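Report on one structure; see the data block that follows.
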Amino acid sequence: FDPGPNPHGTAPIYLAGVGVLMTEVAGEVADGFLCHNFTTERYLREVTLPALERGRVKAGKTLEGFEISGPVFAASTDEEIADVKRQIAFYGSTPAYKPVLDLHGWGELHEELHRMSRRQQWTEMSELISDDVLREFAVVGPADTLTASLLDRYGDVVTRISPSASVLHRPEK
């Protein structure tokens, strides 16, 4: 089967990652990168971008024209904040994402969250997410300020921002 040429051209290939090696590979072989929600601005600037740049150099390219899509936790209500804290706690318990916490000096938080996840203490885990941790991972504020806050934090780095909408996906109570 040969469908013939695509009238829209070759589809761009995006890869996702958090870890340094996968991120570097994405920079080397992909047309764009999909950040994970469990990324802070600092991690993005200090770890992700340099890894992407190293990959681009290996491919003989720069970041010029390379797309970076950033899904970002955003919350404006107490209910949304509680949801985001649960998500941060879940991701923070995952060993593959520990380097993000380590960068901020929160490696012990990962260890405790990981222990609690093994004991199925999903509800209690979010209680360990302090406001400081929340604000590193999420843009929090009145709904009418979120867009400006997202652009202030990430506008010079990512080409596309996708705020989370976890509240929209919660089952009815």
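Every chain in the structure tokens takes a letter, A first, then B, and so on in the order presented; its residues are numbered from 1, and the ligands are numbered from 1 following the presented order.
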Contact residues around Val29 in chain A with only C-alpha atoms at 10 Å, ignoring same-chain residues under 5 positions, as a VMD selection string:
chain A and resid 13 to 15 24 55 to 56 58 to 59
Once you have the residues from the selection above, write them out as an mmCIF file, in the first residue's frame, restricted to N, CA, C and O atoms.
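So the final result, stored in result.cif, reads:
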```
data_model
loop_
_atom_site.group_PDB
_atom_site.id
_atom_site.type_symbol
_atom_site.label_atom_id
_atom_site.label_comp_id
_atom_site.auth_asym_id
_atom_site.auth_seq_id
_atom_site.Cartn_x
_atom_site.Cartn_y
_atom_site.Cartn_z
ATOM 1 N N ILE A 13 8.032 14.976 14.187
ATOM 2 C CA ILE A 13 8.132 13.943 15.216
ATOM 3 C C ILE A 13 8.534 14.615 16.526
ATOM 4 O O ILE A 13 9.543 15.319 16.593
ATOM 5 N N TYR A 14 7.738 14.388 17.556
ATOM 6 C CA TYR A 14 8.031 14.914 18.893
ATOM 7 C C TYR A 14 8.331 13.734 19.812
ATOM 8 O O TYR A 14 7.697 12.687 19.696
ATOM 9 N N LEU A 15 9.262 13.914 20.701
ATOM 10 C CA LEU A 15 9.550 12.925 21.730
ATOM 11 C C LEU A 15 9.341 13.573 23.088
ATOM 12 O O LEU A 15 9.518 14.781 23.245
ATOM 13 N N GLU A 24 18.195 14.410 25.717
ATOM 14 C CA GLU A 24 19.271 14.644 24.746
ATOM 15 C C GLU A 24 18.983 13.931 23.430
ATOM 16 O O GLU A 24 19.187 14.488 22.348
ATOM 17 N N GLY A 55 21.910 17.555 22.347
ATOM 18 C CA GLY A 55 21.393 16.692 21.288
ATOM 19 C C GLY A 55 21.374 17.388 19.939
ATOM 20 O O GLY A 55 21.716 16.795 18.913
ATOM 21 N N ARG A 56 20.974 18.643 19.934
ATOM 22 C CA ARG A 56 20.949 19.397 18.686
ATOM 23 C C ARG A 56 22.358 19.540 18.110
ATOM 24 O O ARG A 56 22.555 19.429 16.898
ATOM 25 N N LYS A 58 24.818 17.462 18.485
ATOM 26 C CA LYS A 58 25.170 16.159 17.891
ATOM 27 C C LYS A 58 24.584 16.012 16.485
ATOM 28 O O LYS A 58 25.183 15.361 15.637
ATOM 29 N N ALA A 59 23.414 16.598 16.275
ATOM 30 C CA ALA A 59 22.767 16.520 14.965
ATOM 31 C C ALA A 59 23.214 17.638 14.031
ATOM 32 O O ALA A 59 22.740 17.739 12.905
#
```
With 10 Å as the cut-off and only C-alpha atoms counted, what is the closest atom pair between each nearby residue of range 10-35 of chain A and range 42-47 of chain A? Distances in Å to one decimal, ordered by chain and number, as a Markdown table.
```
| residue | atom | partner | partner_atom | distance |
| --- | --- | --- | --- | --- |
| A:Val18 | CA | A:Val47 | CA | 9.2 |
| A:Gly19 | CA | A:Val47 | CA | 8.7 |
| A:Val20 | CA | A:Val47 | CA | 7.0 |
| A:Thr23 | CA | A:Val47 | CA | 9.1 |
| A:Cys35 | CA | A:Leu44 | CA | 8.4 |
```
Store the residues picked out above, limited to all heavy atoms, as an mmCIF file, in the first residue's frame.
```
data_model
loop_
_atom_site.group_PDB
_atom_site.id
_atom_site.type_symbol
_atom_site.label_atom_id
_atom_site.label_comp_id
_atom_site.auth_asym_id
_atom_site.auth_seq_id
_atom_site.Cartn_x
_atom_site.Cartn_y
_atom_site.Cartn_z
ATOM 1 N N VAL A 18 11.886 13.221 30.574
ATOM 2 C CA VAL A 18 12.229 13.960 31.789
ATOM 3 C C VAL A 18 13.718 13.805 32.043
ATOM 4 O O VAL A 18 14.424 14.762 32.296
ATOM 5 C CB VAL A 18 11.421 13.469 33.019
ATOM 6 C CG1 VAL A 18 11.897 14.159 34.291
ATOM 7 C CG2 VAL A 18 9.939 13.684 32.824
ATOM 8 N N GLY A 19 14.188 12.588 31.928
ATOM 9 C CA GLY A 19 15.595 12.294 32.184
ATOM 10 C C GLY A 19 16.518 12.909 31.154
ATOM 11 O O GLY A 19 16.126 13.187 30.012
ATOM 12 N N VAL A 20 17.748 13.096 31.561
ATOM 13 C CA VAL A 20 18.739 13.766 30.728
ATOM 14 C C VAL A 20 19.009 13.016 29.425
ATOM 15 O O VAL A 20 19.053 13.631 28.354
ATOM 16 C CB VAL A 20 20.054 13.958 31.527
ATOM 17 C CG1 VAL A 20 21.153 14.514 30.644
ATOM 18 C CG2 VAL A 20 19.823 14.860 32.721
ATOM 19 N N THR A 23 16.056 13.177 26.985
ATOM 20 C CA THR A 23 15.918 14.552 26.520
ATOM 21 C C THR A 23 16.984 14.875 25.478
ATOM 22 O O THR A 23 16.706 15.504 24.451
ATOM 23 C CB THR A 23 15.984 15.523 27.713
ATOM 24 O OG1 THR A 23 14.966 15.160 28.653
ATOM 25 C CG2 THR A 23 15.789 16.956 27.287
ATOM 26 N N CYS A 35 7.580 18.273 27.146
ATOM 27 C CA CYS A 35 7.950 18.257 28.557
ATOM 28 C C CYS A 35 6.883 17.503 29.338
ATOM 29 O O CYS A 35 5.745 17.380 28.903
ATOM 30 C CB CYS A 35 8.040 19.677 29.111
ATOM 31 S SG CYS A 35 9.280 20.705 28.335
#
```
Please identify which residues in range 15-164 of chain A DSSP calls strand (DSSP E) from the backbone, and express them as a list in words.
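Residues meeting the strand (DSSP E) criterion: Leu15, Ala16, Gly32, Phe33, Leu34, Glu67, Ile68, Ser69, Gly70, Pro71, Val72, Phe73, Ala74, Ala75, Ala138, Val139, Val140, Arg160, Ile161, Ser162 and Pro163 of chain A.
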Would you mind listing what lies within 6 Å of His110 in chain A as a PyMOL selection string, with only C-alpha atoms counted and same-chain residues fewer than 3 positions away left out?
chain A and resi 92-93+107+113-114
Restrict the selected residues to N, CA and C atoms and save them as a short mmCIF file (atom, residue, chain, number, x, y, z; two decimals), in the first residue's frame.
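out.cif written:
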```
data_model
loop_
_atom_site.label_atom_id
_atom_site.label_comp_id
_atom_site.auth_asym_id
_atom_site.auth_seq_id
_atom_site.Cartn_x
_atom_site.Cartn_y
_atom_site.Cartn_z
N GLY A 92 5.97 12.63 42.28
CA GLY A 92 7.12 12.72 43.17
C GLY A 92 7.50 11.39 43.79
N SER A 93 6.58 10.44 43.81
CA SER A 93 6.87 9.11 44.37
C SER A 93 7.56 8.20 43.36
N GLY A 107 15.09 15.64 47.70
CA GLY A 107 15.23 14.19 47.51
C GLY A 107 14.57 13.39 48.61
N LEU A 113 7.55 9.91 49.84
CA LEU A 113 6.42 9.68 48.94
C LEU A 113 6.48 8.27 48.34
N HIS A 114 7.67 7.83 48.00
CA HIS A 114 7.83 6.48 47.43
C HIS A 114 7.43 5.42 48.46
#
```
